[in-house]
Amino acid sequence: MTVYRATEVEVVVVGAGQAGLSAAYHLRRRGFAPFDSFVVLDAENTAGGAWAHRSPSLRMATVHGFHDLPDFELPAPDPLAPAREVVPGYFAAYEAKHALPVVRPVHVRAVRSLPDRRLLVETDAGDWSARALINATGTWTRPFLPHYPGHFGGRQLHYADYRGPEEFAGQRVVVVGGGASAIQVLSEVAAVGDTVWVTRTPPVFRDGPFSPEAGREAVAMVEERVRQGLPVRSVVSVTGLGPSVAFRRAQELGALERRPMFDRLTEHGVAWDSAELAVDAIVWATGFRPEIGHLTPLGLRGPGGGIRMDGTRAAADPRVHLVGYGPSASTIGANRAGRAAVNGIVKLIGEPAHVPVGAPDRAYRS
């Protein structure tokens with residue numbers, strides 16, 4: 001017989017990025033008491049989520065869209081300020097302003113269902129039990145690297161490890177990917193070296209600002225996939241590339257001449273059929289996958305390979321909500337999803353009951 005001793009709360013939020021902080025804010029608004037009724041478990045050492053790990057060369061002027069958290073505007077930043085400093089500072093101030101119960105660093109290992117229908121959240125810092133869970137773990141910790149045949153003797157790195165153009169000065173660099181991250185790398189590296197842009201499918205270019213109607217259509221496309229339980233596609237993947245600061249800079253540098261995806265890697269570069277191109281490095285700006293492995297014990301994945309969703313709720317388990325996932329994987333979508341998840345949880349478990357400060361832990365046996 002195994003005995004589990006867990007700190008008991010009503011709701012556990014996993015992750016303190018934009019989606020997790022939005023959810024925490026709305027939990028407080030609905031009357032859930034910090035630490036007594038809900039807690040936010042964050043794997044990072046400091047505030048900021050994925051933003052703290054972005055390239056130092058990413059400036060606020062070249063950020064691909066950012067929306068304020070609820071009830072606290074981001075003060076107008078210096079456009080040249082590094083995003084990895086500005087946004088984490090803003091998140092830290094937000095946590096303090098709203099007295100959010102963030103505990104860090106805490107790594108969630110697994111979430112399991114208990115016999116009494118509570119959820120057991122197992123971590124490296126002890127366990128929590130809850131009546132509901134909001135998962136806001138994002139994607140940054142799961143960079144996706146596609147496999148191509150052959151072997152390249154030069155340097156390869158994913159966008160997650162990109163730290164700016166300086167180390168590529170004078171080099172020829174292949175940039176793989178058709179999204180905003182690839183455009184950022186092209187706009188920077190093309191100023192100091194030679195870039196070759198390759199994508200699996202032709203990039204979609206968008207003229208003018210992104211309209212609300214186009215945004216709703218893009219979100220609807222991603223929502224349909226998660227309703228069917230298919231693997232998630234990001235909202236950005238269906239919005240197209242618009243005239244951002246980075247896009248215009250890459251265009252000015254002549255870096256947007258796209259080539260089709262190469263067939264294989266070679267010792268000295270990449271090759272299409274019999275045509276080989278020698279390069280010094282390959283930057284894979286090929287996106288990320290959701291960090292949801294800790295939810296595996298709940299059996300949420302369907303035959304399609306993804307988690308079938310009903311709004312923010314996992315269709316297979318109404319106790320579990322995913323925010324910053326699928327259609328809410330954007331800063332504005334994360335805000336809305338946080339509120340929607342809390343509304344769904346209140347419908348499921350009711351308004352929060354008062355829990356006395358210092359309530360004892362609870363032991364579970366299985």
# chains A, B, ... in the order shown; residues from 1 in each chain; ligands from 1
>>> select_by_dssp(residues="region 76-311 of chain A", states="strand (DSSP E)", output="PyMOL selection string")
chain A and resi 102-103+108-113+119-123+126-130+132-135+155-158+172-176+194-199+258-260+264-265+269-272+275-278+281-284+309-310
>>> select_by_dssp(residues="region 14-197 of chain A", states="alpha helix (DSSP H)", output="compact mmCIF listing (two decimals) with C-alpha atoms, in the first residue's frame")
# COMPACT_ATOMS: atom_id res chain seq x y z
CA GLN A 18 0.83 34.57 -19.57
CA ALA A 19 -1.93 31.94 -19.57
CA GLY A 20 -1.19 30.76 -16.03
CA LEU A 21 -1.07 34.29 -14.61
CA SER A 22 -4.32 35.17 -16.36
CA ALA A 23 -5.98 32.09 -14.85
CA ALA A 24 -4.60 32.94 -11.40
CA TYR A 25 -5.94 36.48 -11.66
CA HIS A 26 -9.44 35.24 -12.49
CA LEU A 27 -9.34 32.67 -9.68
CA ARG A 28 -8.66 35.50 -7.24
CA ARG A 29 -11.49 37.57 -8.74
CA ALA A 83 12.07 41.41 -24.54
CA ARG A 84 13.69 38.85 -22.22
CA GLU A 85 14.12 41.63 -19.64
CA VAL A 86 10.98 43.71 -20.16
CA VAL A 87 8.37 40.95 -20.15
CA PRO A 88 9.72 38.95 -17.17
CA GLY A 89 9.90 42.21 -15.22
CA TYR A 90 6.29 42.90 -16.12
CA PHE A 91 5.24 39.38 -15.08
CA ALA A 92 7.06 39.73 -11.74
CA ALA A 93 5.31 43.05 -11.08
CA TYR A 94 1.98 41.44 -12.00
CA GLU A 95 2.49 38.58 -9.56
CA ALA A 96 3.26 41.08 -6.80
CA LYS A 97 0.43 43.50 -7.64
CA ALA A 180 7.75 34.66 -37.12
CA SER A 181 10.79 33.06 -35.46
CA ALA A 182 12.39 32.34 -38.82
CA ILE A 183 11.74 35.90 -39.93
CA GLN A 184 13.43 37.25 -36.80
CA VAL A 185 16.54 35.14 -37.43
CA LEU A 186 16.65 36.14 -41.11
CA SER A 187 16.28 39.82 -40.26
CA GLU A 188 19.27 39.66 -37.93
CA VAL A 189 21.67 37.17 -39.48
>>> atom_distance(atom1="CA of Gly31 (chain A)", atom2="CA of Leu300 (chain A)")
28.9 Å
>>> closest_residue(among="A:Val14, A:Leu119, A:Met60, A:Leu74", to="Pro297 (chain A)", atoms="only C-alpha atoms")
A:Leu119
>>> closest_residue(among="A:Gly15, A:Pro243, A:Gly350, A:Pro82", to="Val106 (chain A)", atoms="only C-alpha atoms")
A:Gly15
>>> closest_residue(among="A:Val111, A:Ala278, A:Leu133, A:Ala285", to="Gly178 (chain A)", atoms="only C-alpha atoms")
A:Ala285
>>> residues_around(residues="Val323 (chain A)", least_positions_apart="3", cutoff="12 Å", atoms="only C-alpha atoms", output="count of residues only")
46
>>> atom_distance(atom1="CA of Pro146 (chain A)", atom2="CA of Asp42 (chain A)")
28.4 Å
>>> residues_around(residues="Arg54 (chain A)", least_positions_apart="3", cutoff="9 Å", atoms="only C-alpha atoms", output="PyMOL selection string")
chain A and resi 50-51+57-58+83-84+160-163
>>> write_last_selection(atoms="all heavy atoms", output="PDB file, in the first residue's frame")
ATOM      1  N   ALA A  50       8.539  31.543 -20.684  1.00  0.00           N
ATOM      2  CA  ALA A  50       9.431  31.360 -21.832  1.00  0.00           C
ATOM      3  C   ALA A  50      10.149  32.640 -22.221  1.00  0.00           C
ATOM      4  O   ALA A  50      11.242  32.595 -22.795  1.00  0.00           O
ATOM      5  CB  ALA A  50       8.628  30.835 -23.019  1.00  0.00           C
ATOM      6  N   TRP A  51       9.550  33.788 -21.884  1.00  0.00           N
ATOM      7  CA  TRP A  51      10.170  35.062 -22.276  1.00  0.00           C
ATOM      8  C   TRP A  51      11.574  35.224 -21.703  1.00  0.00           C
ATOM      9  O   TRP A  51      12.438  35.847 -22.322  1.00  0.00           O
ATOM     10  CB  TRP A  51       9.299  36.226 -21.839  1.00  0.00           C
ATOM     11  CG  TRP A  51       8.034  36.325 -22.618  1.00  0.00           C
ATOM     12  CD1 TRP A  51       6.811  35.820 -22.273  1.00  0.00           C
ATOM     13  CD2 TRP A  51       7.858  36.968 -23.889  1.00  0.00           C
ATOM     14  NE1 TRP A  51       5.889  36.106 -23.254  1.00  0.00           N
ATOM     15  CE2 TRP A  51       6.495  36.814 -24.257  1.00  0.00           C
ATOM     16  CE3 TRP A  51       8.721  37.664 -24.738  1.00  0.00           C
ATOM     17  CZ2 TRP A  51       5.990  37.324 -25.443  1.00  0.00           C
ATOM     18  CZ3 TRP A  51       8.216  38.170 -25.918  1.00  0.00           C
ATOM     19  CH2 TRP A  51       6.864  37.999 -26.265  1.00  0.00           C
ATOM     20  N   SER A  57      18.730  39.260 -28.549  1.00  0.00           N
ATOM     21  CA  SER A  57      18.575  40.166 -29.692  1.00  0.00           C
ATOM     22  C   SER A  57      17.117  40.495 -29.998  1.00  0.00           C
ATOM     23  O   SER A  57      16.842  41.393 -30.800  1.00  0.00           O
ATOM     24  CB  SER A  57      19.215  39.546 -30.938  1.00  0.00           C
ATOM     25  OG  SER A  57      18.579  38.335 -31.288  1.00  0.00           O
ATOM     26  N   LEU A  58      16.171  39.782 -29.378  1.00  0.00           N
ATOM     27  CA  LEU A  58      14.756  40.076 -29.611  1.00  0.00           C
ATOM     28  C   LEU A  58      14.376  41.325 -28.823  1.00  0.00           C
ATOM     29  O   LEU A  58      14.363  41.318 -27.590  1.00  0.00           O
ATOM     30  CB  LEU A  58      13.884  38.899 -29.186  1.00  0.00           C
ATOM     31  CG  LEU A  58      12.379  39.099 -29.377  1.00  0.00           C
ATOM     32  CD1 LEU A  58      12.020  39.250 -30.850  1.00  0.00           C
ATOM     33  CD2 LEU A  58      11.590  37.946 -28.750  1.00  0.00           C
ATOM     34  N   ALA A  83      13.339  41.971 -25.009  1.00  0.00           N
ATOM     35  CA  ALA A  83      12.071  41.408 -24.540  1.00  0.00           C
ATOM     36  C   ALA A  83      12.284  40.471 -23.354  1.00  0.00           C
ATOM     37  O   ALA A  83      11.435  40.377 -22.475  1.00  0.00           O
ATOM     38  CB  ALA A  83      11.386  40.668 -25.686  1.00  0.00           C
ATOM     39  N   ARG A  84      13.425  39.805 -23.300  1.00  0.00           N
ATOM     40  CA  ARG A  84      13.689  38.849 -22.222  1.00  0.00           C
ATOM     41  C   ARG A  84      13.897  39.548 -20.882  1.00  0.00           C
ATOM     42  O   ARG A  84      13.939  38.883 -19.837  1.00  0.00           O
ATOM     43  CB  ARG A  84      14.909  37.986 -22.559  1.00  0.00           C
ATOM     44  CG  ARG A  84      16.202  38.739 -22.659  1.00  0.00           C
ATOM     45  CD  ARG A  84      17.351  37.823 -23.058  1.00  0.00           C
ATOM     46  NE  ARG A  84      17.733  36.929 -21.972  1.00  0.00           N
ATOM     47  CZ  ARG A  84      18.477  35.841 -22.125  1.00  0.00           C
ATOM     48  NH1 ARG A  84      18.874  35.469 -23.327  1.00  0.00           N
ATOM     49  NH2 ARG A  84      18.820  35.108 -21.097  1.00  0.00           N
ATOM     50  N   ALA A 160      15.117  27.840 -30.169  1.00  0.00           N
ATOM     51  CA  ALA A 160      15.134  27.980 -28.712  1.00  0.00           C
ATOM     52  C   ALA A 160      16.530  28.274 -28.186  1.00  0.00           C
ATOM     53  O   ALA A 160      16.686  28.867 -27.116  1.00  0.00           O
ATOM     54  CB  ALA A 160      14.587  26.713 -28.053  1.00  0.00           C
ATOM     55  N   ASP A 161      17.559  27.872 -28.924  1.00  0.00           N
ATOM     56  CA  ASP A 161      18.940  28.090 -28.495  1.00  0.00           C
ATOM     57  C   ASP A 161      19.616  29.244 -29.232  1.00  0.00           C
ATOM     58  O   ASP A 161      20.812  29.499 -29.032  1.00  0.00           O
ATOM     59  CB  ASP A 161      19.759  26.812 -28.714  1.00  0.00           C
ATOM     60  CG  ASP A 161      19.233  25.651 -27.885  1.00  0.00           C
ATOM     61  OD1 ASP A 161      18.981  25.862 -26.685  1.00  0.00           O
ATOM     62  OD2 ASP A 161      19.052  24.552 -28.435  1.00  0.00           O
ATOM     63  N   TYR A 162      18.880  29.927 -30.074  1.00  0.00           N
ATOM     64  CA  TYR A 162      19.430  31.069 -30.821  1.00  0.00           C
ATOM     65  C   TYR A 162      19.632  32.249 -29.877  1.00  0.00           C
ATOM     66  O   TYR A 162      18.741  32.605 -29.101  1.00  0.00           O
ATOM     67  CB  TYR A 162      18.462  31.440 -31.943  1.00  0.00           C
ATOM     68  CG  TYR A 162      18.825  32.698 -32.708  1.00  0.00           C
ATOM     69  CD1 TYR A 162      19.863  32.705 -33.623  1.00  0.00           C
ATOM     70  CD2 TYR A 162      18.099  33.877 -32.511  1.00  0.00           C
ATOM     71  CE1 TYR A 162      20.190  33.852 -34.340  1.00  0.00           C
ATOM     72  CE2 TYR A 162      18.404  35.029 -33.229  1.00  0.00           C
ATOM     73  CZ  TYR A 162      19.449  35.011 -34.132  1.00  0.00           C
ATOM     74  OH  TYR A 162      19.756  36.151 -34.837  1.00  0.00           O
ATOM     75  N   ARG A 163      20.818  32.855 -29.921  1.00  0.00           N
ATOM     76  CA  ARG A 163      21.140  33.944 -29.000  1.00  0.00           C
ATOM     77  C   ARG A 163      21.577  35.221 -29.717  1.00  0.00           C
ATOM     78  O   ARG A 163      22.170  36.099 -29.107  1.00  0.00           O
ATOM     79  CB  ARG A 163      22.223  33.495 -28.012  1.00  0.00           C
ATOM     80  CG  ARG A 163      21.742  32.445 -27.016  1.00  0.00           C
ATOM     81  CD  ARG A 163      20.663  33.016 -26.106  1.00  0.00           C
ATOM     82  NE  ARG A 163      20.083  32.040 -25.216  1.00  0.00           N
ATOM     83  CZ  ARG A 163      18.973  31.350 -25.460  1.00  0.00           C
ATOM     84  NH1 ARG A 163      18.337  31.519 -26.616  1.00  0.00           N
ATOM     85  NH2 ARG A 163      18.493  30.506 -24.595  1.00  0.00           N
TER      86      ARG A 163
END
>>> atom_distance(atom1="CA of Arg131 (chain A)", atom2="CA of Leu348 (chain A)")
9.3 Å
>>> closest_residue(among="A:Arg258, A:Arg249, A:His53, A:His268", to="Phe205 (chain A)", atoms="only C-alpha atoms")
A:Arg258
>>> residues_around(residues="Thr286 (chain A)", least_positions_apart="2", cutoff="8 Å", atoms="only C-alpha atoms", output="list of chain:residue names")
A:Pro143, A:Phe144, A:Leu145, A:Pro146, A:His158, A:Tyr159, A:Val176, A:Gly177, A:Gly178, A:Trp284, A:Phe288
